[in-house]
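Everything below belongs to query.tsv, which stores TSV, C-alpha atoms and all ligand atoms.
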chain	number	residue	atom	x	y	z
G	8	MET	CA	-23.08	10.43	-5.16
G	9	ASN	CA	-20.95	7.61	-6.54
G	10	LYS	CA	-17.55	8.30	-8.05
G	11	CYS	CA	-14.87	6.58	-10.06
G	12	VAL	CA	-11.32	7.59	-9.15
G	13	ALA	CA	-8.27	6.58	-11.23
G	14	PHE	CA	-4.66	6.68	-10.08
G	15	HIS	CA	-2.40	7.29	-13.07
G	16	SER	CA	1.11	8.56	-13.79
G	17	TYR	CA	3.37	9.27	-16.70
G	18	LYS	CA	6.25	7.26	-15.24
G	19	GLY	CA	6.16	3.92	-13.45
G	20	GLY	CA	6.79	3.37	-9.75
G	21	THR	CA	5.13	6.54	-8.47
G	22	GLY	CA	2.98	4.73	-5.88
G	23	LYS	CA	-0.28	4.32	-7.82
G	24	THR	CA	-0.99	0.78	-6.65
G	25	THR	CA	-0.03	1.53	-3.05
G	26	LEU	CA	-2.23	4.63	-2.94
G	27	ALA	CA	-5.14	2.98	-4.77
G	28	CYS	CA	-5.23	-0.10	-2.50
G	29	ASN	CA	-4.84	1.85	0.73
G	30	SER	CA	-7.42	4.48	-0.28
G	31	ALA	CA	-9.92	1.77	-1.22
G	32	ILE	CA	-9.50	0.01	2.13
G	33	LEU	CA	-9.84	3.21	4.10
G	34	LEU	CA	-13.02	4.14	2.23
G	35	ALA	CA	-14.44	0.68	2.98
G	36	LYS	CA	-13.40	1.03	6.63
G	37	LYS	CA	-15.38	4.24	6.80
G	38	GLY	CA	-18.51	2.49	5.61
G	39	TYR	CA	-18.50	2.97	1.85
G	40	ARG	CA	-19.14	0.26	-0.73
G	41	VAL	CA	-15.97	0.15	-2.78
G	42	CYS	CA	-14.91	-1.71	-5.93
G	43	LEU	CA	-11.15	-1.73	-6.49
G	44	LEU	CA	-9.98	-2.62	-10.01
G	45	ASP	CA	-6.54	-3.63	-11.19
G	46	LEU	CA	-6.56	-2.09	-14.64
G	47	ASP	CA	-2.79	-2.22	-14.86
G	48	ILE	CA	-3.40	-4.89	-17.47
G	49	TYR	CA	0.28	-4.93	-18.55
G	50	ALA	CA	1.77	-5.50	-15.08
G	51	PRO	CA	-0.89	-6.63	-12.58
G	52	SER	CA	0.19	-6.64	-8.95
G	53	PHE	CA	-2.87	-6.86	-6.69
G	54	GLN	CA	-2.02	-10.39	-5.59
G	55	LEU	CA	0.92	-8.92	-3.68
G	56	TYR	CA	-1.57	-6.92	-1.63
G	57	PHE	CA	-4.50	-9.32	-1.35
G	58	SER	CA	-3.71	-13.00	-0.95
G	59	LYS	CA	-6.38	-14.34	-3.26
G	60	GLU	CA	-6.42	-16.88	-6.07
G	61	PRO	CA	-9.07	-15.57	-8.46
G	62	ARG	CA	-10.78	-18.09	-10.72
G	63	LYS	CA	-11.90	-15.37	-13.12
G	64	TRP	CA	-10.06	-12.22	-14.06
G	65	ILE	CA	-10.82	-8.79	-15.53
G	66	ASN	CA	-9.19	-10.16	-18.71
G	67	ASP	CA	-11.96	-12.80	-18.90
G	68	PHE	CA	-14.63	-10.13	-18.48
G	69	LEU	CA	-13.12	-8.05	-21.29
G	70	THR	CA	-12.58	-10.81	-23.83
G	71	SER	CA	-15.41	-13.29	-23.18
G	72	SER	CA	-18.93	-13.37	-21.80
G	73	THR	CA	-17.73	-13.81	-18.20
G	74	ASP	CA	-19.92	-11.89	-15.74
G	75	ILE	CA	-18.25	-9.22	-13.63
G	76	GLN	CA	-19.95	-10.82	-10.61
G	77	ASP	CA	-17.67	-13.85	-11.17
G	78	VAL	CA	-14.61	-11.60	-11.32
G	79	MET	CA	-15.10	-9.33	-8.31
G	80	ILE	CA	-13.96	-10.95	-5.04
G	81	ASP	CA	-15.37	-9.77	-1.73
G	82	VAL	CA	-12.26	-9.27	0.45
G	83	THR	CA	-14.03	-7.39	3.25
G	84	ASN	CA	-13.71	-10.15	5.83
G	85	GLY	CA	-10.18	-11.15	4.86
G	86	LEU	CA	-8.62	-7.78	5.64
G	87	SER	CA	-6.63	-8.07	8.81
G	88	GLY	CA	-3.27	-7.18	10.27
G	89	SER	CA	-1.93	-10.70	9.77
G	90	GLN	CA	0.31	-9.85	6.84
G	91	SER	CA	2.63	-7.68	8.90
G	92	ARG	CA	3.15	-10.22	11.66
G	93	SER	CA	5.48	-12.24	9.46
G	94	ASP	CA	7.69	-9.24	8.75
G	95	LYS	CA	10.98	-9.08	10.60
G	96	ILE	CA	11.27	-5.34	10.10
G	97	ARG	CA	8.47	-3.25	11.54
G	98	PRO	CA	7.73	0.42	10.91
G	99	ILE	CA	9.64	2.50	13.40
G	100	ASN	CA	8.01	3.53	16.68
G	101	LEU	CA	4.71	1.94	15.82
G	102	VAL	CA	2.53	-0.67	17.35
G	103	GLU	CA	0.43	-2.82	15.10
G	104	SER	CA	-3.22	-2.01	15.27
G	105	ASN	CA	-5.80	-4.74	15.50
G	106	ASP	CA	-8.54	-2.40	14.45
G	107	SER	CA	-9.45	-4.01	11.17
G	108	GLU	CA	-13.18	-3.43	11.45
G	109	ILE	CA	-14.57	-2.63	8.03
G	110	LYS	CA	-17.92	-0.87	8.17
G	111	GLY	CA	-18.49	-0.93	4.41
G	112	LYS	CA	-17.64	-3.40	1.68
G	113	LEU	CA	-14.61	-3.97	-0.51
G	114	TRP	CA	-14.61	-6.00	-3.72
G	115	VAL	CA	-11.47	-6.45	-5.77
G	116	GLY	CA	-11.18	-7.22	-9.49
G	117	PHE	CA	-7.81	-8.76	-10.38
G	118	SER	CA	-5.99	-8.70	-13.72
G	119	ASN	CA	-4.27	-11.86	-14.83
G	120	PRO	CA	-0.47	-11.61	-14.34
G	121	GLN	CA	0.28	-14.57	-16.66
G	122	LYS	CA	2.41	-13.53	-19.62
G	123	LYS	CA	0.26	-15.28	-22.20
G	124	GLU	CA	-2.89	-13.51	-20.90
G	125	ILE	CA	-1.23	-10.08	-20.98
G	126	PHE	CA	0.02	-10.81	-24.48
G	127	LYS	CA	-3.46	-11.97	-25.57
G	128	LEU	CA	-5.01	-8.62	-24.58
G	129	GLU	CA	-2.15	-6.60	-25.99
G	130	THR	CA	-2.18	-8.28	-29.39
G	131	ALA	CA	-5.95	-8.73	-29.68
G	132	ASP	CA	-7.38	-8.09	-33.15
G	133	THR	CA	-9.55	-5.05	-33.82
G	134	ASP	CA	-12.84	-6.93	-33.34
G	135	THR	CA	-11.78	-8.33	-29.96
G	136	LYS	CA	-10.54	-4.89	-28.90
G	137	ARG	CA	-13.83	-3.31	-29.96
G	138	GLN	CA	-15.78	-5.87	-27.97
G	139	ALA	CA	-13.48	-5.34	-24.98
G	140	ILE	CA	-14.04	-1.59	-25.10
G	141	ARG	CA	-17.82	-2.05	-25.22
G	142	ARG	CA	-17.73	-4.32	-22.19
G	143	PHE	CA	-15.31	-2.00	-20.47
G	144	ILE	CA	-17.66	0.97	-20.80
G	145	HIS	CA	-20.38	-1.15	-19.17
G	146	LEU	CA	-18.10	-2.09	-16.31
G	147	ARG	CA	-18.62	1.19	-14.49
G	148	GLU	CA	-22.41	1.04	-14.90
G	149	ILE	CA	-22.62	-2.56	-13.66
G	150	LEU	CA	-20.48	-1.86	-10.60
G	151	MET	CA	-22.54	1.21	-9.75
G	152	SER	CA	-25.88	-0.53	-10.21
G	153	GLU	CA	-25.37	-4.18	-9.24
G	154	PHE	CA	-22.76	-3.70	-6.51
G	155	ARG	CA	-24.23	-0.33	-5.51
G	156	ALA	CA	-20.64	0.98	-5.37
G	157	ASP	CA	-20.11	4.39	-3.76
G	158	TYR	CA	-16.57	4.39	-5.10
G	159	ILE	CA	-14.79	2.62	-7.91
G	160	ILE	CA	-11.03	2.93	-7.39
G	161	VAL	CA	-8.92	2.17	-10.42
G	162	ASP	CA	-5.22	1.37	-10.58
G	163	THR	CA	-3.80	1.97	-14.07
G	164	SER	CA	-0.61	1.37	-16.04
G	165	PRO	CA	1.76	4.31	-16.37
G	166	GLY	CA	1.98	6.31	-19.59
G	167	ILE	CA	-0.34	6.51	-22.51
G	168	ARG	CA	-0.86	2.91	-23.56
G	169	PHE	CA	-4.19	1.63	-24.88
G	170	TRP	CA	-5.59	0.33	-21.57
G	171	SER	CA	-4.33	3.19	-19.42
G	172	ILE	CA	-6.14	5.75	-21.55
G	173	ASN	CA	-9.32	3.64	-21.60
G	174	SER	CA	-9.14	3.30	-17.83
G	175	LEU	CA	-9.04	7.08	-17.53
G	176	ALA	CA	-12.09	7.38	-19.76
G	177	ILE	CA	-14.39	5.79	-17.14
G	178	ALA	CA	-13.12	7.95	-14.25
G	179	ASP	CA	-14.71	11.10	-12.77
G	180	ILE	CA	-11.53	11.98	-10.88
G	181	LEU	CA	-8.03	11.53	-12.31
G	182	LEU	CA	-5.17	11.54	-9.83
G	183	LEU	CA	-1.92	12.17	-11.67
G	184	THR	CA	0.71	10.78	-9.33
G	185	LEU	CA	4.27	12.07	-9.39
G	186	LYS	CA	7.22	10.70	-7.48
G	187	MET	CA	9.16	13.58	-5.97
G	188	SER	CA	12.65	12.26	-6.60
G	189	ASP	CA	11.94	11.36	-10.16
G	190	LEU	CA	9.91	14.18	-11.60
G	191	ASP	CA	9.40	14.15	-15.30
G	192	ILE	CA	7.99	17.58	-15.91
G	193	ASP	CA	7.94	17.30	-19.72
G	194	GLY	CA	6.25	13.90	-19.66
G	195	THR	CA	3.72	15.04	-17.10
G	196	ARG	CA	2.99	18.18	-19.08
G	197	MET	CA	2.47	16.11	-22.21
G	198	VAL	CA	0.07	13.71	-20.43
G	199	ALA	CA	-1.79	16.61	-18.84
G	200	GLU	CA	-2.12	18.63	-22.00
G	201	GLU	CA	-2.75	15.90	-24.53
G	202	ILE	CA	-4.73	13.39	-22.49
G	203	TYR	CA	-6.18	14.96	-19.36
G	204	ARG	CA	-7.29	18.12	-21.10
G	205	SER	CA	-9.86	16.28	-23.20
G	206	PHE	CA	-11.20	14.36	-20.19
G	207	ILE	CA	-11.45	17.60	-18.19
G	208	GLU	CA	-13.38	19.18	-21.07
G	209	LEU	CA	-15.80	16.27	-20.85
G	210	GLY	CA	-16.37	16.92	-17.14
G	211	SER	CA	-13.71	14.87	-15.31
G	212	LYS	CA	-11.70	16.48	-12.54
G	213	ALA	CA	-7.93	16.09	-12.36
G	214	PHE	CA	-5.51	16.60	-9.47
G	215	LEU	CA	-1.77	16.19	-8.90
G	216	VAL	CA	-0.61	13.90	-6.09
G	217	TYR	CA	3.05	14.33	-5.12
G	218	ASN	CA	4.21	11.10	-3.53
G	219	MET	CA	7.41	10.03	-1.77
G	220	VAL	CA	8.27	13.57	-0.76
G	221	GLU	CA	11.64	13.45	0.96
G	222	GLY	CA	12.12	14.40	4.58
G	223	TYR	CA	10.41	11.87	6.84
G	224	CYS	CA	13.28	9.41	6.86
G	225	ILE	CA	16.20	11.83	7.13
G	226	PRO	CA	18.34	10.52	10.00
G	227	GLN	CA	19.01	12.33	13.24
G	228	GLN	CA	21.70	14.97	12.98
G	229	ALA	CA	24.45	15.80	15.43
G	230	ILE	CA	24.70	19.56	15.99
G	231	SER	CA	27.47	21.13	18.00
G	232	ASP	CA	26.53	24.16	20.13
G	233	ASN	CA	28.71	27.18	20.97
G	234	ASP	CA	30.40	25.32	23.81
G	235	GLY	CA	31.37	22.45	21.56
G	236	PHE	CA	28.81	19.99	22.98
G	237	LEU	CA	27.11	17.71	20.51
G	238	HIS	CA	23.33	17.61	20.49
G	239	ILE	CA	21.28	15.07	18.61
G	240	SER	CA	18.37	16.64	16.85
G	241	THR	CA	15.72	15.03	14.74
G	242	HIS	CA	15.18	16.56	11.36
G	243	PRO	CA	12.35	19.12	11.55
G	244	ILE	CA	10.28	17.27	9.00
G	245	ALA	CA	10.64	13.93	10.79
G	246	GLN	CA	9.60	15.65	14.01
G	247	THR	CA	6.53	17.22	12.61
G	248	SER	CA	5.38	14.86	9.91
G	249	THR	CA	2.79	13.27	12.18
G	250	ASP	CA	1.26	16.66	12.92
G	251	ASN	CA	-2.04	17.52	11.40
G	252	GLY	CA	-0.61	20.67	9.84
G	253	PRO	CA	-0.50	21.04	6.09
G	254	ILE	CA	2.28	18.99	4.61
G	255	THR	CA	3.12	21.81	2.20
G	256	GLN	CA	4.63	23.71	5.10
G	257	LEU	CA	6.83	20.74	5.91
G	258	VAL	CA	7.98	20.48	2.36
G	259	ARG	CA	8.80	24.16	2.26
G	260	GLN	CA	11.40	23.55	4.96
G	261	GLN	CA	13.40	21.47	2.52
G	262	ASP	CA	15.93	23.54	0.59
G	263	ARG	CA	16.42	20.88	-2.02
G	264	LEU	CA	12.80	20.72	-3.09
G	265	ASP	CA	11.65	23.22	-5.63
G	266	VAL	CA	8.15	23.51	-4.21
G	267	ASP	CA	7.57	26.82	-5.98
G	268	GLY	CA	8.47	25.07	-9.22
G	269	LEU	CA	5.91	22.36	-8.49
G	270	GLU	CA	3.26	24.91	-7.72
G	271	ARG	CA	4.15	26.77	-10.90
G	272	LEU	CA	3.74	23.52	-12.83
G	273	SER	CA	0.37	23.00	-11.21
G	274	ALA	CA	-0.74	26.55	-12.06
G	275	ASN	CA	0.60	26.21	-15.55
G	276	LEU	CA	-1.30	22.98	-16.19
G	277	GLY	CA	-4.37	24.26	-14.42
G	278	ILE	CA	-4.31	21.10	-12.25
G	279	GLU	CA	-4.52	21.61	-8.51
G	280	ILE	CA	-2.17	19.76	-6.13
G	281	ILE	CA	-4.34	17.60	-3.89
G	282	SER	CA	-1.66	16.01	-1.71
G	283	TYR	CA	2.03	15.81	-0.75
G	284	ILE	CA	2.74	12.37	0.71
G	285	PRO	CA	6.16	11.84	2.34
G	286	CYS	CA	8.37	8.86	1.56
G	287	TYR	CA	8.05	6.51	4.54
G	288	CYS	CA	11.08	4.27	4.08
G	289	ASP	CA	10.24	2.32	7.24
G	290	ILE	CA	7.15	0.82	5.66
G	291	GLN	CA	8.90	0.33	2.35
G	292	PHE	CA	11.21	-2.25	3.95
G	293	LEU	CA	8.34	-4.58	4.80
G	294	ARG	CA	8.72	-8.01	3.22
G	295	LYS	CA	5.45	-7.73	1.31
G	296	GLU	CA	3.72	-4.74	-0.22
G	297	PHE	CA	1.94	-2.95	2.53
G	298	LEU	CA	-1.65	-2.31	3.46
G	299	THR	CA	-0.57	0.24	6.02
G	300	VAL	CA	-4.00	1.67	6.72
G	301	ILE	CA	-5.03	-1.73	8.09
G	302	ASN	CA	-1.82	-2.88	9.73
G	303	TYR	CA	-0.61	0.47	11.09
G	304	ARG	CA	-3.57	2.67	11.83
G	305	HIS	CA	-1.39	5.24	13.64
G	306	HIS	CA	1.28	5.51	10.97
G	307	PRO	CA	1.50	9.00	9.42
G	308	PHE	CA	1.00	7.37	5.99
G	309	THR	CA	-2.49	6.41	7.16
G	310	SER	CA	-3.29	10.03	8.08
G	311	GLN	CA	-2.07	11.13	4.65
G	312	ILE	CA	-4.45	8.67	2.96
G	313	GLU	CA	-7.24	9.88	5.29
G	314	LYS	CA	-6.64	13.44	4.07
G	315	LEU	CA	-6.55	12.30	0.46
G	316	ILE	CA	-9.87	10.46	0.63
G	317	ASP	CA	-11.46	13.34	2.53
G	318	VAL	CA	-10.90	15.50	-0.52
G	319	LEU	CA	-12.40	12.85	-2.78
B	401	LIG	N1	4.69	7.26	0.34
B	401	LIG	C1	5.47	6.19	0.22
B	401	LIG	N2	6.49	5.97	1.09
B	401	LIG	C2	7.31	4.90	0.96
B	401	LIG	N3	7.20	3.99	-0.01
B	401	LIG	C3	6.23	4.15	-0.90
B	401	LIG	C4	5.30	5.23	-0.84
B	401	LIG	N4	4.43	5.11	-1.89
B	401	LIG	C5	4.79	4.01	-2.55
B	401	LIG	N5	5.87	3.42	-1.98
B	401	LIG	C6	6.63	2.23	-2.44
B	401	LIG	O1	7.12	2.53	-3.75
B	401	LIG	C7	7.17	1.35	-4.55
B	401	LIG	C8	6.39	1.60	-5.83
B	401	LIG	O2	5.03	1.77	-5.48
B	401	LIG	P1	3.85	1.20	-6.38
B	401	LIG	O3	4.11	-0.19	-6.79
B	401	LIG	O4	2.60	1.50	-5.66
B	401	LIG	O5	4.03	2.17	-7.64
B	401	LIG	P2	3.24	2.10	-9.02
B	401	LIG	O6	3.10	3.50	-9.49
B	401	LIG	O7	2.01	1.31	-8.88
B	401	LIG	O8	4.28	1.33	-9.93
B	401	LIG	P3	4.01	0.76	-11.43
B	401	LIG	O9	3.96	1.97	-12.32
B	401	LIG	O10	5.20	-0.10	-11.68
B	401	LIG	O11	2.73	0.03	-11.38
B	401	LIG	C9	6.59	0.23	-3.70
B	401	LIG	O12	7.63	-0.51	-3.14
B	401	LIG	C10	5.81	0.96	-2.59
B	401	LIG	O13	5.82	0.21	-1.40
B	402	MG	MG	1.33	-0.34	-9.93

Reformat the file's structure so that it appears as structure tokens.
Ligand SMILES: Nc1ncnc2c1ncn2[C@@H]1O[C@H](COP(=O)(O)OP(=O)(O)OP(=O)(O)O)[C@@H](O)[C@H]1O
Ligand SMILES: [Mg+2]
Amino acid sequence: MNKCVAFHSYKGGTGKTTLACNSAILLAKKGYRVCLLDLDIYAPSFQLYFSKEPRKWINDFLTSSTDIQDVMIDVTNGLSGSQSRSDKIRPINLVESNDSEIKGKLWVGFSNPQKKEIFKLETADTDTKRQAIRRFIHLREILMSEFRADYIIVDTSPGIRFWSINSLAIADILLLTLKMSDLDIDGTRMVAEEIYRSFIELGSKAFLVYNMVEGYCIPQQAISDNDGFLHISTHPIAQTSTDNGPITQLVRQQDRLDVDGLERLSANLGIEIISYIPCYCDIQFLRKEFLTVINYRHHPFTSQIEKLIDVL
């Protein structure tokens, strides 16, 4: 059965684009036909991830008679580990993988990052907006029928702006992404109650994704034993974060995290937590945004994305 999955958040910078791009690639690697859409119309960023120069954009599809076939770019063959080779800093303790075989297909639809194009969509008159909405509703149908997409993965803008809400309207699964160090419980509650509730009533499913959970990057600690000798020990979470065990257990080891509070929030909103993804600072230092699942197949981030897509 085909599905449309949207990554959304109340606040910006929670990892939506990173998670959307990496999930889409991993699904394509596994053999699915995937369409990945940059519906963060206000701040497009897919060109940081995929080095492409689109001739037509999602903006053109929405505001003119441009076909979606002219917008979607097949990137399946261009996915390789080459991006990371130019980086001076590499993820710790990892070898690059050259396993970039993609069994399925990946098409990407880019939004135009030019200021005047963003402004044009934002300030469009009512008629243009109405036409854009009509075309937008068809987008899902066309991708499912003409591209025979198993998955449509949608990256959205944070908050409750016009295009973020419309992007949610075409999704079967809404992934509300929260950044652990920057939780905005009130904002998230508002989004969940006022926006998600109505989509859930119409049959969509919603889940919470906690991203950038602290612990993985905590440095080694020197511990002195009873005889006064110093021992270097790795933080328990760093030691075990590559294990296959449930990440919740790892998080529970952290005193500073109010995991019970997060679970209470989830119970309170009636939205299940689907994933806790640690903050992997090593990959964050890469020169370009990262497609870790391609470049670093053995990185624990890749196993977290594997688990996430398994649930989808
Ligand atoms: N699990 C993670 N570990 C380490 N870094 C991460 C992780 N997830 C995301 N990041 C980094 O966090 C930053 C913000 O991520 P990203 O751009 O995906 O967020 P976003 O929600 O799409 O932001 P915006 O709302 O501005 O579109 C990026 O530099 C990304 O590399
Ligand atoms: Mg983004």

Contacts of Phe154 (chain G) at 8 Å (all atoms listed in the file; same-chain gap of 4+ positions) as a PDB file with C-alpha atoms, in the frame of the given file:
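Resulting contents of result_38.pdb:
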ATOM      1  CA  ARG G  40     -19.140   0.260  -0.730  1.00  0.00           C
ATOM      2  CA  ILE G 149     -22.620  -2.560 -13.660  1.00  0.00           C
ATOM      3  CA  LEU G 150     -20.480  -1.860 -10.600  1.00  0.00           C
TER       4      LEU G 150
END

Please provide the set of residues having any atom within 7 Å of region 34-36 of chain G, restricted to all atoms listed in the file, with same-chain residues fewer than 4 positions apart removed, written as a ChimeraX atom specification.
/G:30,40-41,108-113

Please produce, as a Markdown table, a per-residue contact table for chain G versus ligand LIG 401 (chain B) (criterion: any atom at most 6 Å away, all atoms listed in the file considered), showing the nearest atom pair and its distance in Å to one decimal, sorted by chain then residue number.
| residue | atom | partner | partner_atom | distance |
| --- | --- | --- | --- | --- |
| G:Gly19 | CA | B:LIG401 | O9 | 3.1 |
| G:Gly20 | CA | B:LIG401 | O8 | 3.2 |
| G:Thr21 | CA | B:LIG401 | O6 | 3.8 |
| G:Gly22 | CA | B:LIG401 | O4 | 3.3 |
| G:Lys23 | CA | B:LIG401 | O6 | 3.9 |
| G:Thr24 | CA | B:LIG401 | O7 | 3.8 |
| G:Thr25 | CA | B:LIG401 | O4 | 3.7 |
| G:Ser164 | CA | B:LIG401 | O11 | 5.9 |
| G:Pro165 | CA | B:LIG401 | O9 | 5.2 |
| G:Asn218 | CA | B:LIG401 | N1 | 5.5 |
| G:Met219 | CA | B:LIG401 | N1 | 4.4 |
| G:Ile284 | CA | B:LIG401 | N1 | 5.5 |
| G:Pro285 | CA | B:LIG401 | N1 | 5.2 |
| G:Cys286 | CA | B:LIG401 | N2 | 3.5 |
| G:Tyr287 | CA | B:LIG401 | N2 | 3.8 |
| G:Cys288 | CA | B:LIG401 | C2 | 4.9 |
| G:Gln291 | CA | B:LIG401 | N3 | 4.7 |
| G:Glu296 | CA | B:LIG401 | O13 | 5.5 |

Keeping only C-alpha atoms, write the selected residues as a compact mmCIF listing (two decimals), in the coordinates of the input.
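Saved as again10.txt:
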# COMPACT_ATOMS: atom_id res chain seq x y z
CA GLY G 19 6.16 3.92 -13.45
CA GLY G 20 6.79 3.37 -9.75
CA THR G 21 5.13 6.54 -8.47
CA GLY G 22 2.98 4.73 -5.88
CA LYS G 23 -0.28 4.32 -7.82
CA THR G 24 -0.99 0.78 -6.65
CA THR G 25 -0.03 1.53 -3.05
CA SER G 164 -0.61 1.37 -16.04
CA PRO G 165 1.76 4.31 -16.37
CA ASN G 218 4.21 11.10 -3.53
CA MET G 219 7.41 10.03 -1.77
CA ILE G 284 2.74 12.37 0.71
CA PRO G 285 6.16 11.84 2.34
CA CYS G 286 8.37 8.86 1.56
CA TYR G 287 8.05 6.51 4.54
CA CYS G 288 11.08 4.27 4.08
CA GLN G 291 8.90 0.33 2.35
CA GLU G 296 3.72 -4.74 -0.22

Using all atoms listed in the file, which of G:Ile290, G:Met79, G:Arg204, G:Ser16 sits nearest Phe308 (chain G)?
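Result for the nearest residue to Phe308 (chain G): G:Ile290.
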
If the limit is 12 Å from any atom of ligand MG 402 (chain B), counting only C-alpha atoms and all ligand atoms, which residues qualify? Return them as a PyMOL selection string.
chain G and resi 13-28+44-56+118+161-166+171+184+296

Between CA of Lys10 (chain G) and CA of Ser211 (chain G), what is the spacing in Å?
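Pair CA of Ser211 (chain G) / CA of Lys10 (chain G) returns 10.5 Å.
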
Which residue gives the smallest distance to Ser273 (chain G) among G:Arg168, G:Lys122, G:Arg196, G:Lys37, with only C-alpha atoms counted?
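When distances to Ser273 (chain G) are compared using only C-alpha atoms, the smallest one comes from G:Arg196.
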
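Comparing the minimum interatomic distances between Gly85 (chain G) and each of G:Ser71, G:Ser58, G:Asn302, G:Asn66, counting all atoms listed in the file, we find that G:Ser58 sits nearest.
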